[in-house]
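Asks: So I've got this file, target.cif, and it contains mmCIF, N, CA and C atoms and all ligand atoms:
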```cif
data_query
#
loop_
_atom_site.label_atom_id
_atom_site.label_comp_id
_atom_site.auth_asym_id
_atom_site.auth_seq_id
_atom_site.Cartn_x
_atom_site.Cartn_y
_atom_site.Cartn_z
N MET A 30 -16.74 3.97 -25.94
CA MET A 30 -17.90 4.27 -25.12
C MET A 30 -17.78 3.64 -23.74
N THR A 31 -17.32 2.41 -23.69
CA THR A 31 -17.15 1.74 -22.40
C THR A 31 -16.15 2.48 -21.53
N ASP A 32 -15.09 3.02 -22.16
CA ASP A 32 -14.09 3.76 -21.40
C ASP A 32 -14.72 4.98 -20.74
N GLU A 33 -15.60 5.65 -21.46
CA GLU A 33 -16.27 6.83 -20.89
C GLU A 33 -17.16 6.43 -19.71
N ILE A 34 -17.86 5.33 -19.86
CA ILE A 34 -18.71 4.84 -18.76
C ILE A 34 -17.85 4.47 -17.56
N LEU A 35 -16.73 3.81 -17.83
CA LEU A 35 -15.82 3.41 -16.76
C LEU A 35 -15.33 4.63 -15.97
N ILE A 36 -14.98 5.66 -16.69
CA ILE A 36 -14.49 6.89 -16.05
C ILE A 36 -15.62 7.56 -15.25
N LYS A 37 -16.80 7.60 -15.81
CA LYS A 37 -17.94 8.19 -15.08
C LYS A 37 -18.25 7.41 -13.81
N LYS A 38 -18.14 6.10 -13.89
CA LYS A 38 -18.39 5.26 -12.71
C LYS A 38 -17.34 5.51 -11.62
N ALA A 39 -16.08 5.68 -12.04
CA ALA A 39 -15.01 5.96 -11.07
C ALA A 39 -15.28 7.28 -10.36
N LEU A 40 -15.73 8.26 -11.11
CA LEU A 40 -16.04 9.57 -10.51
C LEU A 40 -17.26 9.47 -9.59
N TRP A 41 -18.24 8.68 -10.02
CA TRP A 41 -19.46 8.50 -9.22
C TRP A 41 -19.14 7.85 -7.88
N VAL A 42 -18.40 6.76 -7.91
CA VAL A 42 -18.13 6.03 -6.67
C VAL A 42 -17.14 6.78 -5.77
N ARG A 43 -16.36 7.65 -6.37
CA ARG A 43 -15.43 8.49 -5.59
C ARG A 43 -16.19 9.27 -4.52
N ASP A 44 -17.39 9.68 -4.84
CA ASP A 44 -18.20 10.44 -3.89
C ASP A 44 -18.67 9.60 -2.70
N ARG A 45 -18.52 8.29 -2.79
CA ARG A 45 -18.93 7.41 -1.70
C ARG A 45 -17.78 7.01 -0.79
N ALA A 46 -16.60 7.47 -1.09
CA ALA A 46 -15.42 7.10 -0.30
C ALA A 46 -15.61 7.50 1.17
N TYR A 47 -15.09 6.65 2.04
CA TYR A 47 -15.12 6.94 3.48
C TYR A 47 -13.72 7.39 3.88
N VAL A 48 -13.52 8.71 3.98
CA VAL A 48 -12.19 9.25 4.17
C VAL A 48 -12.16 10.36 5.24
N PRO A 49 -12.60 10.04 6.47
CA PRO A 49 -12.65 11.08 7.49
C PRO A 49 -11.27 11.55 7.95
N TYR A 50 -10.23 10.80 7.69
CA TYR A 50 -8.89 11.14 8.20
C TYR A 50 -8.05 11.88 7.16
N SER A 51 -8.06 11.40 5.93
CA SER A 51 -7.24 12.05 4.90
C SER A 51 -8.03 13.05 4.06
N ASN A 52 -9.33 12.91 4.02
CA ASN A 52 -10.16 13.70 3.11
C ASN A 52 -9.63 13.61 1.68
N TYR A 53 -9.20 12.40 1.32
CA TYR A 53 -8.64 12.14 -0.01
C TYR A 53 -9.45 11.02 -0.66
N PRO A 54 -10.62 11.36 -1.23
CA PRO A 54 -11.46 10.31 -1.80
C PRO A 54 -10.92 9.79 -3.13
N VAL A 55 -11.06 8.50 -3.31
CA VAL A 55 -10.65 7.85 -4.56
C VAL A 55 -11.75 6.88 -4.97
N GLY A 56 -12.06 6.89 -6.25
CA GLY A 56 -13.00 5.92 -6.80
C GLY A 56 -12.34 5.12 -7.89
N ALA A 57 -12.72 3.86 -8.01
CA ALA A 57 -12.17 3.00 -9.06
C ALA A 57 -13.30 2.20 -9.68
N ALA A 58 -13.24 2.07 -10.99
CA ALA A 58 -14.21 1.25 -11.72
C ALA A 58 -13.44 0.23 -12.55
N LEU A 59 -13.75 -1.02 -12.30
CA LEU A 59 -13.01 -2.14 -12.88
C LEU A 59 -13.86 -2.82 -13.95
N LEU A 60 -13.31 -2.93 -15.14
CA LEU A 60 -14.04 -3.54 -16.27
C LEU A 60 -13.60 -4.99 -16.44
N THR A 61 -14.58 -5.88 -16.54
CA THR A 61 -14.25 -7.29 -16.76
C THR A 61 -14.26 -7.57 -18.27
N GLU A 62 -13.64 -8.69 -18.61
CA GLU A 62 -13.62 -9.10 -20.03
C GLU A 62 -15.03 -9.30 -20.55
N SER A 63 -15.96 -9.67 -19.66
CA SER A 63 -17.35 -9.91 -20.08
C SER A 63 -18.17 -8.62 -20.14
N GLY A 64 -17.54 -7.47 -19.82
CA GLY A 64 -18.23 -6.19 -19.95
C GLY A 64 -18.91 -5.68 -18.70
N HIS A 65 -18.74 -6.38 -17.59
CA HIS A 65 -19.31 -5.90 -16.33
C HIS A 65 -18.36 -4.88 -15.69
N ILE A 66 -18.94 -3.97 -14.92
CA ILE A 66 -18.14 -2.97 -14.22
C ILE A 66 -18.39 -3.12 -12.72
N PHE A 67 -17.29 -3.16 -11.97
CA PHE A 67 -17.38 -3.22 -10.51
C PHE A 67 -16.68 -1.98 -9.95
N CYS A 68 -17.35 -1.34 -9.00
CA CYS A 68 -16.85 -0.09 -8.45
C CYS A 68 -16.33 -0.29 -7.03
N GLY A 69 -15.34 0.50 -6.69
CA GLY A 69 -14.81 0.48 -5.32
C GLY A 69 -14.33 1.86 -4.94
N CYS A 70 -14.36 2.14 -3.65
CA CYS A 70 -13.84 3.41 -3.16
C CYS A 70 -12.94 3.12 -1.96
N ASN A 71 -12.12 4.09 -1.62
CA ASN A 71 -11.27 3.86 -0.45
C ASN A 71 -12.09 3.95 0.83
N VAL A 72 -11.74 3.10 1.77
CA VAL A 72 -12.43 3.03 3.05
C VAL A 72 -11.35 3.11 4.14
N GLU A 73 -11.33 4.23 4.83
CA GLU A 73 -10.31 4.43 5.86
C GLU A 73 -10.76 3.86 7.21
N ASN A 74 -9.79 3.74 8.09
CA ASN A 74 -10.04 3.24 9.43
C ASN A 74 -9.19 4.04 10.40
N VAL A 75 -9.68 4.18 11.62
CA VAL A 75 -8.92 4.92 12.63
C VAL A 75 -7.54 4.29 12.82
N SER A 76 -7.43 2.99 12.63
CA SER A 76 -6.13 2.32 12.59
C SER A 76 -5.67 2.35 11.14
N TYR A 77 -4.88 3.33 10.78
CA TYR A 77 -4.61 3.64 9.37
C TYR A 77 -4.24 2.42 8.52
N GLY A 78 -3.53 1.47 9.11
CA GLY A 78 -3.08 0.31 8.34
C GLY A 78 -4.21 -0.55 7.81
N LEU A 79 -5.38 -0.41 8.35
CA LEU A 79 -6.53 -1.20 7.90
C LEU A 79 -7.27 -0.58 6.73
N THR A 80 -6.85 0.58 6.33
CA THR A 80 -7.48 1.27 5.20
C THR A 80 -7.33 0.44 3.93
N ILE A 81 -8.38 0.42 3.12
CA ILE A 81 -8.30 -0.27 1.83
C ILE A 81 -8.48 0.76 0.72
N CYS A 82 -7.66 0.61 -0.31
CA CYS A 82 -7.72 1.53 -1.45
C CYS A 82 -8.92 1.22 -2.34
N ALA A 83 -9.28 2.18 -3.16
CA ALA A 83 -10.41 2.03 -4.08
C ALA A 83 -10.19 0.88 -5.07
N GLU A 84 -8.97 0.76 -5.58
CA GLU A 84 -8.69 -0.26 -6.59
C GLU A 84 -8.89 -1.66 -6.03
N ARG A 85 -8.35 -1.91 -4.84
CA ARG A 85 -8.51 -3.24 -4.24
C ARG A 85 -9.95 -3.46 -3.81
N SER A 86 -10.63 -2.40 -3.41
CA SER A 86 -12.04 -2.50 -3.06
C SER A 86 -12.85 -2.97 -4.27
N ALA A 87 -12.53 -2.45 -5.45
CA ALA A 87 -13.23 -2.86 -6.68
C ALA A 87 -12.92 -4.32 -7.01
N VAL A 88 -11.67 -4.72 -6.83
CA VAL A 88 -11.28 -6.11 -7.09
C VAL A 88 -12.06 -7.05 -6.17
N VAL A 89 -12.18 -6.68 -4.91
CA VAL A 89 -12.92 -7.51 -3.95
C VAL A 89 -14.38 -7.67 -4.39
N GLN A 90 -14.98 -6.58 -4.83
CA GLN A 90 -16.37 -6.64 -5.32
C GLN A 90 -16.50 -7.62 -6.48
N ALA A 91 -15.57 -7.53 -7.42
CA ALA A 91 -15.62 -8.38 -8.62
C ALA A 91 -15.42 -9.85 -8.26
N ILE A 92 -14.45 -10.11 -7.43
CA ILE A 92 -14.17 -11.51 -7.05
C ILE A 92 -15.37 -12.10 -6.32
N ALA A 93 -15.97 -11.31 -5.45
CA ALA A 93 -17.14 -11.79 -4.71
C ALA A 93 -18.31 -12.10 -5.64
N ALA A 94 -18.33 -11.46 -6.80
CA ALA A 94 -19.38 -11.69 -7.79
C ALA A 94 -19.00 -12.80 -8.77
N GLY A 95 -17.84 -13.40 -8.56
CA GLY A 95 -17.43 -14.52 -9.41
C GLY A 95 -16.68 -14.11 -10.67
N GLN A 96 -16.22 -12.87 -10.72
CA GLN A 96 -15.48 -12.37 -11.90
C GLN A 96 -14.00 -12.26 -11.57
N LYS A 97 -13.15 -12.67 -12.48
CA LYS A 97 -11.71 -12.50 -12.24
C LYS A 97 -10.92 -12.25 -13.52
N GLU A 98 -11.61 -11.94 -14.59
CA GLU A 98 -10.93 -11.59 -15.84
C GLU A 98 -11.15 -10.11 -16.08
N PHE A 99 -10.11 -9.33 -15.84
CA PHE A 99 -10.23 -7.88 -15.91
C PHE A 99 -9.46 -7.33 -17.10
N SER A 100 -10.03 -6.31 -17.73
CA SER A 100 -9.34 -5.72 -18.88
C SER A 100 -8.89 -4.29 -18.63
N ALA A 101 -9.58 -3.56 -17.75
CA ALA A 101 -9.21 -2.16 -17.52
C ALA A 101 -9.75 -1.69 -16.18
N ILE A 102 -9.13 -0.63 -15.68
CA ILE A 102 -9.62 0.02 -14.46
C ILE A 102 -9.44 1.53 -14.62
N ALA A 103 -10.44 2.28 -14.18
CA ALA A 103 -10.33 3.74 -14.15
C ALA A 103 -10.22 4.16 -12.70
N VAL A 104 -9.31 5.09 -12.43
CA VAL A 104 -9.06 5.55 -11.07
C VAL A 104 -9.20 7.07 -11.02
N ALA A 105 -10.06 7.53 -10.11
CA ALA A 105 -10.27 8.97 -9.95
C ALA A 105 -9.98 9.34 -8.51
N GLY A 106 -8.90 10.06 -8.31
CA GLY A 106 -8.53 10.51 -6.96
C GLY A 106 -8.55 12.03 -6.94
N ASP A 107 -7.43 12.61 -6.61
CA ASP A 107 -7.29 14.06 -6.67
C ASP A 107 -7.39 14.46 -8.14
N LEU A 108 -8.37 15.24 -8.48
CA LEU A 108 -8.59 15.55 -9.89
C LEU A 108 -7.68 16.67 -10.41
N GLN A 109 -6.95 17.32 -9.49
CA GLN A 109 -6.03 18.39 -9.91
C GLN A 109 -4.75 17.83 -10.51
N LYS A 110 -4.36 16.65 -10.02
CA LYS A 110 -3.15 16.01 -10.53
C LYS A 110 -3.38 14.50 -10.54
N PRO A 111 -2.62 13.77 -11.33
CA PRO A 111 -2.87 12.32 -11.45
C PRO A 111 -2.68 11.58 -10.12
N SER A 112 -3.62 10.68 -9.83
CA SER A 112 -3.52 9.80 -8.66
C SER A 112 -3.29 8.38 -9.17
N PHE A 113 -2.04 8.00 -9.25
CA PHE A 113 -1.72 6.67 -9.74
C PHE A 113 -1.98 5.64 -8.64
N PRO A 114 -2.32 4.41 -9.02
CA PRO A 114 -2.52 3.36 -8.01
C PRO A 114 -1.24 3.12 -7.22
N CYS A 115 -1.37 2.76 -5.95
CA CYS A 115 -0.19 2.46 -5.13
C CYS A 115 0.38 1.10 -5.54
N GLY A 116 1.56 0.79 -5.05
CA GLY A 116 2.21 -0.46 -5.41
C GLY A 116 1.41 -1.69 -4.99
N ALA A 117 0.78 -1.63 -3.83
CA ALA A 117 -0.01 -2.77 -3.37
C ALA A 117 -1.16 -3.05 -4.33
N CYS A 118 -1.83 -2.01 -4.76
CA CYS A 118 -2.96 -2.20 -5.68
C CYS A 118 -2.49 -2.70 -7.04
N LEU A 119 -1.36 -2.19 -7.51
CA LEU A 119 -0.83 -2.67 -8.80
C LEU A 119 -0.50 -4.16 -8.71
N GLN A 120 0.08 -4.57 -7.59
CA GLN A 120 0.41 -5.99 -7.42
C GLN A 120 -0.87 -6.84 -7.40
N VAL A 121 -1.90 -6.37 -6.73
CA VAL A 121 -3.17 -7.11 -6.68
C VAL A 121 -3.80 -7.18 -8.07
N LEU A 122 -3.79 -6.08 -8.79
CA LEU A 122 -4.34 -6.08 -10.16
C LEU A 122 -3.54 -7.02 -11.06
N ALA A 123 -2.22 -7.05 -10.87
CA ALA A 123 -1.35 -7.90 -11.70
C ALA A 123 -1.63 -9.38 -11.49
N GLU A 124 -2.19 -9.71 -10.35
CA GLU A 124 -2.56 -11.11 -10.08
C GLU A 124 -3.53 -11.63 -11.15
N PHE A 125 -4.31 -10.72 -11.72
CA PHE A 125 -5.37 -11.11 -12.65
C PHE A 125 -5.09 -10.74 -14.10
N ASN A 126 -4.34 -9.66 -14.31
CA ASN A 126 -4.00 -9.27 -15.69
C ASN A 126 -2.81 -8.31 -15.65
N LYS A 127 -1.65 -8.82 -16.02
CA LYS A 127 -0.43 -8.02 -15.94
C LYS A 127 -0.37 -6.91 -16.99
N THR A 128 -1.24 -6.99 -17.98
CA THR A 128 -1.19 -5.98 -19.05
C THR A 128 -2.49 -5.19 -19.16
N MET A 129 -3.25 -5.14 -18.09
CA MET A 129 -4.51 -4.41 -18.16
C MET A 129 -4.28 -2.91 -18.34
N THR A 130 -5.27 -2.26 -18.90
CA THR A 130 -5.22 -0.81 -19.11
C THR A 130 -5.65 -0.09 -17.83
N ILE A 131 -4.92 0.95 -17.50
CA ILE A 131 -5.24 1.76 -16.32
C ILE A 131 -5.47 3.20 -16.77
N TYR A 132 -6.66 3.71 -16.50
CA TYR A 132 -6.98 5.10 -16.81
C TYR A 132 -6.91 5.91 -15.53
N ILE A 133 -6.14 6.98 -15.57
CA ILE A 133 -6.05 7.89 -14.44
C ILE A 133 -6.82 9.16 -14.81
N VAL A 134 -7.81 9.47 -14.00
CA VAL A 134 -8.73 10.57 -14.33
C VAL A 134 -8.29 11.86 -13.64
N THR A 135 -8.16 12.92 -14.41
CA THR A 135 -7.97 14.27 -13.84
C THR A 135 -8.98 15.20 -14.50
N ASP A 136 -9.04 16.42 -14.00
CA ASP A 136 -9.96 17.40 -14.57
C ASP A 136 -9.64 17.70 -16.03
N LYS A 137 -8.35 17.69 -16.35
CA LYS A 137 -7.92 18.15 -17.67
C LYS A 137 -7.74 17.04 -18.68
N LYS A 138 -7.38 15.84 -18.22
CA LYS A 138 -7.11 14.78 -19.18
C LYS A 138 -7.24 13.41 -18.53
N ILE A 139 -7.30 12.42 -19.39
CA ILE A 139 -7.30 11.03 -18.96
C ILE A 139 -5.95 10.45 -19.37
N ILE A 140 -5.22 9.94 -18.41
CA ILE A 140 -3.92 9.31 -18.70
C ILE A 140 -4.15 7.82 -18.83
N GLU A 141 -3.69 7.25 -19.93
CA GLU A 141 -3.85 5.82 -20.17
C GLU A 141 -2.49 5.13 -20.06
N LYS A 142 -2.43 4.13 -19.21
CA LYS A 142 -1.18 3.37 -19.01
C LYS A 142 -1.49 1.89 -19.05
N ASN A 143 -0.45 1.12 -19.29
CA ASN A 143 -0.53 -0.32 -19.15
C ASN A 143 0.04 -0.66 -17.78
N LEU A 144 -0.51 -1.66 -17.13
CA LEU A 144 -0.07 -1.99 -15.76
C LEU A 144 1.44 -2.18 -15.68
N VAL A 145 2.04 -2.85 -16.64
CA VAL A 145 3.49 -3.10 -16.58
C VAL A 145 4.31 -1.82 -16.69
N GLU A 146 3.72 -0.76 -17.22
CA GLU A 146 4.43 0.51 -17.25
C GLU A 146 4.56 1.08 -15.84
N LEU A 147 3.52 0.86 -15.02
CA LEU A 147 3.51 1.40 -13.66
C LEU A 147 4.20 0.47 -12.66
N LEU A 148 4.20 -0.82 -12.95
CA LEU A 148 4.85 -1.80 -12.07
C LEU A 148 5.65 -2.78 -12.94
N PRO A 149 6.81 -2.33 -13.39
CA PRO A 149 7.57 -3.15 -14.35
C PRO A 149 8.16 -4.43 -13.76
N HIS A 150 8.35 -4.47 -12.46
CA HIS A 150 8.95 -5.66 -11.84
C HIS A 150 7.93 -6.28 -10.88
N ILE A 151 6.93 -6.90 -11.46
CA ILE A 151 5.85 -7.51 -10.68
C ILE A 151 6.42 -8.67 -9.86
N PHE A 152 6.03 -8.73 -8.59
CA PHE A 152 6.49 -9.85 -7.75
C PHE A 152 5.85 -11.14 -8.24
N SER A 153 6.66 -12.17 -8.35
CA SER A 153 6.16 -13.48 -8.75
C SER A 153 7.16 -14.52 -8.30
N PHE A 154 6.71 -15.74 -8.18
CA PHE A 154 7.65 -16.84 -7.88
C PHE A 154 7.23 -18.09 -8.60
ZN ZN B 1 -3.69 1.27 -3.40
#
```
Please express what this file holds, its structure, as structure tokens.

Replies:
Amino acid sequence: MTDEILIKKALWVRDRAYVPYSNYPVGAALLTESGHIFCGCNVENVSYGLTICAERSAVVQAIAAGQKEFSAIAVAGDLQKPSFPCGACLQVLAEFNKTMTIYIVTDKKIIEKNLVELLPHIFSF
């Protein structure tokens, strides 16, 4: 049931994305170990490099609320085909849980992956 709520939240926040340049909205809903959900959407900037992805936006929301134990994230981008998190977002998510579940939402199916499947060589020192 929580997974369904997580996916619905990702789709809901996707509609709030600020994407005047790419018109590529993405929503992410991040589930904490304590059962809270934090949502984020991509926010673009005229200086493209300042754009923040939905996944990192959700992480920022959670950290600001004092949460840092994450168990899963749902990502809804282009619903016609899977929108996997970018490498930067995977690295940021790995900072908190290297084995968290990642749900990729499309119109036809939900793809479930483990973070290490998408980023097998996580940067660390
Ligand atoms: Zn990203």

Asks: Hey, can you check how far atom C of Ala91 of chain A sits from atom N of Lys110 of chain A?

Replies: 28.8 Å

Asks: Please indicate the distance in Å from atom CA of Cys70 of chain A to atom C of Arg45 of chain A, rounded to one decimal place.

Replies: 5.8 Å

Asks: Tell me, as a short mmCIF file (atom, residue, chain, number, x, y, z; two decimals) with N, CA and C atoms, in the frame of the given file, which residues lie within 8 Å of Val121 of chain A, counting all atoms listed in the file; anything in the same chain fewer than 5 positions away does not count.

Replies:
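Saved file around-v4.cif follows:
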```cif
data_model
loop_
_atom_site.label_atom_id
_atom_site.label_comp_id
_atom_site.auth_asym_id
_atom_site.auth_seq_id
_atom_site.Cartn_x
_atom_site.Cartn_y
_atom_site.Cartn_z
N GLU A 84 -8.97 0.76 -5.58
CA GLU A 84 -8.69 -0.26 -6.59
C GLU A 84 -8.89 -1.66 -6.03
N ARG A 85 -8.35 -1.91 -4.84
CA ARG A 85 -8.51 -3.24 -4.24
C ARG A 85 -9.95 -3.46 -3.81
N VAL A 88 -11.67 -4.72 -6.83
CA VAL A 88 -11.28 -6.11 -7.09
C VAL A 88 -12.06 -7.05 -6.17
N CYS A 115 -1.37 2.76 -5.95
CA CYS A 115 -0.19 2.46 -5.13
C CYS A 115 0.38 1.10 -5.54
N GLY A 116 1.56 0.79 -5.05
CA GLY A 116 2.21 -0.46 -5.41
C GLY A 116 1.41 -1.69 -4.99
N ASN A 126 -4.34 -9.66 -14.31
CA ASN A 126 -4.00 -9.27 -15.69
C ASN A 126 -2.81 -8.31 -15.65
#
```

Asks: Please report as JSON lines every residue of chain A lying within 5 Å of ligand ZN 1 (chain B), along with the nearest atom pair and their distance in Å (one decimal), using only N, CA and C atoms and all ligand atoms.

Replies:
```
{"residue": "A:Cys82", "atom": "CA", "partner": "B:ZN1", "partner_atom": "ZN", "distance": 4.5}
{"residue": "A:Pro114", "atom": "C", "partner": "B:ZN1", "partner_atom": "ZN", "distance": 4.9}
{"residue": "A:Cys115", "atom": "N", "partner": "B:ZN1", "partner_atom": "ZN", "distance": 3.8}
{"residue": "A:Cys118", "atom": "N", "partner": "B:ZN1", "partner_atom": "ZN", "distance": 4.0}
```

Asks: Hey, what's within 12 Å of Lys138 of chain A if we count only C-alpha atoms and toss same-chain stuff fewer than 6 positions away? As a PDB file with N, CA and C atoms, in the coordinates of the input, please?

Replies:
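Written file, result_8.pdb:
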```pdb
ATOM      1  N   ILE A  36     -14.980   5.660 -16.690  1.00  0.00           N
ATOM      2  CA  ILE A  36     -14.490   6.890 -16.050  1.00  0.00           C
ATOM      3  C   ILE A  36     -15.620   7.560 -15.250  1.00  0.00           C
ATOM      4  N   ALA A 105     -10.060   7.530 -10.110  1.00  0.00           N
ATOM      5  CA  ALA A 105     -10.270   8.970  -9.950  1.00  0.00           C
ATOM      6  C   ALA A 105      -9.980   9.340  -8.510  1.00  0.00           C
ATOM      7  N   LEU A 108      -8.370  15.240  -8.480  1.00  0.00           N
ATOM      8  CA  LEU A 108      -8.590  15.550  -9.890  1.00  0.00           C
ATOM      9  C   LEU A 108      -7.680  16.670 -10.410  1.00  0.00           C
ATOM     10  N   GLN A 109      -6.950  17.320  -9.490  1.00  0.00           N
ATOM     11  CA  GLN A 109      -6.030  18.390  -9.910  1.00  0.00           C
ATOM     12  C   GLN A 109      -4.750  17.830 -10.510  1.00  0.00           C
ATOM     13  N   LYS A 110      -4.360  16.650 -10.020  1.00  0.00           N
ATOM     14  CA  LYS A 110      -3.150  16.010 -10.530  1.00  0.00           C
ATOM     15  C   LYS A 110      -3.380  14.500 -10.540  1.00  0.00           C
ATOM     16  N   PRO A 111      -2.620  13.770 -11.330  1.00  0.00           N
ATOM     17  CA  PRO A 111      -2.870  12.320 -11.450  1.00  0.00           C
ATOM     18  C   PRO A 111      -2.680  11.580 -10.120  1.00  0.00           C
ATOM     19  N   TYR A 132      -6.660   3.710 -16.500  1.00  0.00           N
ATOM     20  CA  TYR A 132      -6.980   5.100 -16.810  1.00  0.00           C
ATOM     21  C   TYR A 132      -6.910   5.910 -15.530  1.00  0.00           C
TER      22      TYR A 132
END
```

Asks: Restricting the calculation to all atoms listed in the file, which member of A:Ile81, A:Val104, A:Ile34, A:Ile66 is positioned closest to Thr135 of chain A?

Replies: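 Closest candidate: A:Val104.
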
Asks: How many Å lie between atom N of Asp44 of chain A and atom CA of Pro149 of chain A, rounded to one decimal?

Replies: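 Result for atom N of Asp44 of chain A versus atom CA of Pro149 of chain A: 29.6 Å, one decimal.
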
Asks: As a compact mmCIF listing (two decimals) with N, CA and C atoms, in the frame of the given file, please: every residue in segment 48-149 of chain A that DSSP puts in alpha helix (DSSP H).

Replies:
```txt
# COMPACT_ATOMS: atom_id res chain seq x y z
N ALA A 83 -9.28 2.18 -3.16
CA ALA A 83 -10.41 2.03 -4.08
C ALA A 83 -10.19 0.88 -5.07
N GLU A 84 -8.97 0.76 -5.58
CA GLU A 84 -8.69 -0.26 -6.59
C GLU A 84 -8.89 -1.66 -6.03
N ARG A 85 -8.35 -1.91 -4.84
CA ARG A 85 -8.51 -3.24 -4.24
C ARG A 85 -9.95 -3.46 -3.81
N SER A 86 -10.63 -2.40 -3.41
CA SER A 86 -12.04 -2.50 -3.06
C SER A 86 -12.85 -2.97 -4.27
N ALA A 87 -12.53 -2.45 -5.45
CA ALA A 87 -13.23 -2.86 -6.68
C ALA A 87 -12.92 -4.32 -7.01
N VAL A 88 -11.67 -4.72 -6.83
CA VAL A 88 -11.28 -6.11 -7.09
C VAL A 88 -12.06 -7.05 -6.17
N VAL A 89 -12.18 -6.68 -4.91
CA VAL A 89 -12.92 -7.51 -3.95
C VAL A 89 -14.38 -7.67 -4.39
N GLN A 90 -14.98 -6.58 -4.83
CA GLN A 90 -16.37 -6.64 -5.32
C GLN A 90 -16.50 -7.62 -6.48
N ALA A 91 -15.57 -7.53 -7.42
CA ALA A 91 -15.62 -8.38 -8.62
C ALA A 91 -15.42 -9.85 -8.26
N ILE A 92 -14.45 -10.11 -7.43
CA ILE A 92 -14.17 -11.51 -7.05
C ILE A 92 -15.37 -12.10 -6.32
N ALA A 93 -15.97 -11.31 -5.45
CA ALA A 93 -17.14 -11.79 -4.71
C ALA A 93 -18.31 -12.10 -5.64
N GLY A 116 1.56 0.79 -5.05
CA GLY A 116 2.21 -0.46 -5.41
C GLY A 116 1.41 -1.69 -4.99
N ALA A 117 0.78 -1.63 -3.83
CA ALA A 117 -0.01 -2.77 -3.37
C ALA A 117 -1.16 -3.05 -4.33
N CYS A 118 -1.83 -2.01 -4.76
CA CYS A 118 -2.96 -2.20 -5.68
C CYS A 118 -2.49 -2.70 -7.04
N LEU A 119 -1.36 -2.19 -7.51
CA LEU A 119 -0.83 -2.67 -8.80
C LEU A 119 -0.50 -4.16 -8.71
N GLN A 120 0.08 -4.57 -7.59
CA GLN A 120 0.41 -5.99 -7.42
C GLN A 120 -0.87 -6.84 -7.40
N VAL A 121 -1.90 -6.37 -6.73
CA VAL A 121 -3.17 -7.11 -6.68
C VAL A 121 -3.80 -7.18 -8.07
N LEU A 122 -3.79 -6.08 -8.79
CA LEU A 122 -4.34 -6.08 -10.16
C LEU A 122 -3.54 -7.02 -11.06
N ALA A 123 -2.22 -7.05 -10.87
CA ALA A 123 -1.35 -7.90 -11.70
C ALA A 123 -1.63 -9.38 -11.49
N LEU A 144 -0.51 -1.66 -17.13
CA LEU A 144 -0.07 -1.99 -15.76
C LEU A 144 1.44 -2.18 -15.68
N VAL A 145 2.04 -2.85 -16.64
CA VAL A 145 3.49 -3.10 -16.58
C VAL A 145 4.31 -1.82 -16.69
N GLU A 146 3.72 -0.76 -17.22
CA GLU A 146 4.43 0.51 -17.25
C GLU A 146 4.56 1.08 -15.84
N LEU A 147 3.52 0.86 -15.02
CA LEU A 147 3.51 1.40 -13.66
C LEU A 147 4.20 0.47 -12.66
```

Asks: Select from chain A everything DSSP, run on the backbone, classes as strand (DSSP E), then give the selection as a PyMOL selection string.

Replies: chain A and resi 56-61+66-70+99-105+130-134+139-143

Asks: Quick one: residues within 7 Å of Tyr53 of chain A, all atoms listed in the file, excluding same-chain residues fewer than 5 positions away - as a ChimeraX atom specification?

Replies: /A:48,106-107

Asks: Return the single residue from A:Ala46, A:Ala94, A:Leu79, A:Ile133 that is closest to His65 of chain A, with distances computed using only C-alpha atoms.

Replies: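 Residue with the minimum atom-to-atom distance to His65 of chain A: A:Ala94.
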
Asks: Of the residues A:Val134, A:Cys68, A:Val55, A:Val42, which is the one nearest to Ala87 of chain A, using all atoms listed in the file?

Replies: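 Of all the options, A:Cys68 lies closest to Ala87 of chain A.
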
Asks: Enclose the full set of atoms of segment 117-131 of chain A listed in the file within a box whose edges lie along x, y and z, apply 4 Å of padding to each of the six sides, and report centre and edge lengths in Å to one decimal as AutoDock Vina command-line options.

Replies:
```
--center_x -2.4 --center_y -4.2 --center_z -11.3 --size_x 14.4 --size_y 22.8 --size_z 23.8
```

Asks: Would you list the contacts of Glu98 of chain A as a short mmCIF file (atom, residue, chain, number, x, y, z; two decimals) with N, CA and C atoms, in the coordinates of the input, taking every protein, DNA or RNA residue within 7 Å and counting all atoms listed in the file, but skipping same-chain residues closer than 6 positions in sequence?

Replies:
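Ended up saving to result_34.cif:
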```cif
data_model
loop_
_atom_site.label_atom_id
_atom_site.label_comp_id
_atom_site.auth_asym_id
_atom_site.auth_seq_id
_atom_site.Cartn_x
_atom_site.Cartn_y
_atom_site.Cartn_z
N LEU A 60 -13.31 -2.93 -15.14
CA LEU A 60 -14.04 -3.54 -16.27
C LEU A 60 -13.60 -4.99 -16.44
N THR A 61 -14.58 -5.88 -16.54
CA THR A 61 -14.25 -7.29 -16.76
C THR A 61 -14.26 -7.57 -18.27
N GLU A 62 -13.64 -8.69 -18.61
CA GLU A 62 -13.62 -9.10 -20.03
C GLU A 62 -15.03 -9.30 -20.55
N SER A 63 -15.96 -9.67 -19.66
CA SER A 63 -17.35 -9.91 -20.08
C SER A 63 -18.17 -8.62 -20.14
N PHE A 125 -4.31 -10.72 -11.72
CA PHE A 125 -5.37 -11.11 -12.65
C PHE A 125 -5.09 -10.74 -14.10
#
```

Asks: I'd like the neighbourhood of Val145 of chain A as a VMD selection string, where a residue qualifies if any of its atoms comes within 7 Å (using all atoms listed in the file), though same-chain residues fewer than 2 positions away should be ignored.

Replies: chain A and resid 127 to 129 142 to 143 147 to 150

Asks: Pick out the closest residue to Leu40 of chain A from this set: A:Gly95, A:Thr80, A:Ala103, A:Val89. Count all atoms listed in the file.

Replies: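 Smallest distance to Leu40 of chain A is found for A:Ala103.
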
Asks: Between A:Thr130, A:Ser76, A:Asn52, A:Gln120, which has the minimum distance to Ile151 of chain A (counting only C-alpha atoms)?

Replies: A:Gln120

Asks: Looking at A:Gln90, A:Ser51, A:Asn71, A:Ser100, which one is nearest to Thr31 of chain A, with distances taken over only C-alpha atoms?

Replies: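 When distances to Thr31 of chain A are compared using only C-alpha atoms, the smallest one comes from A:Ser100.
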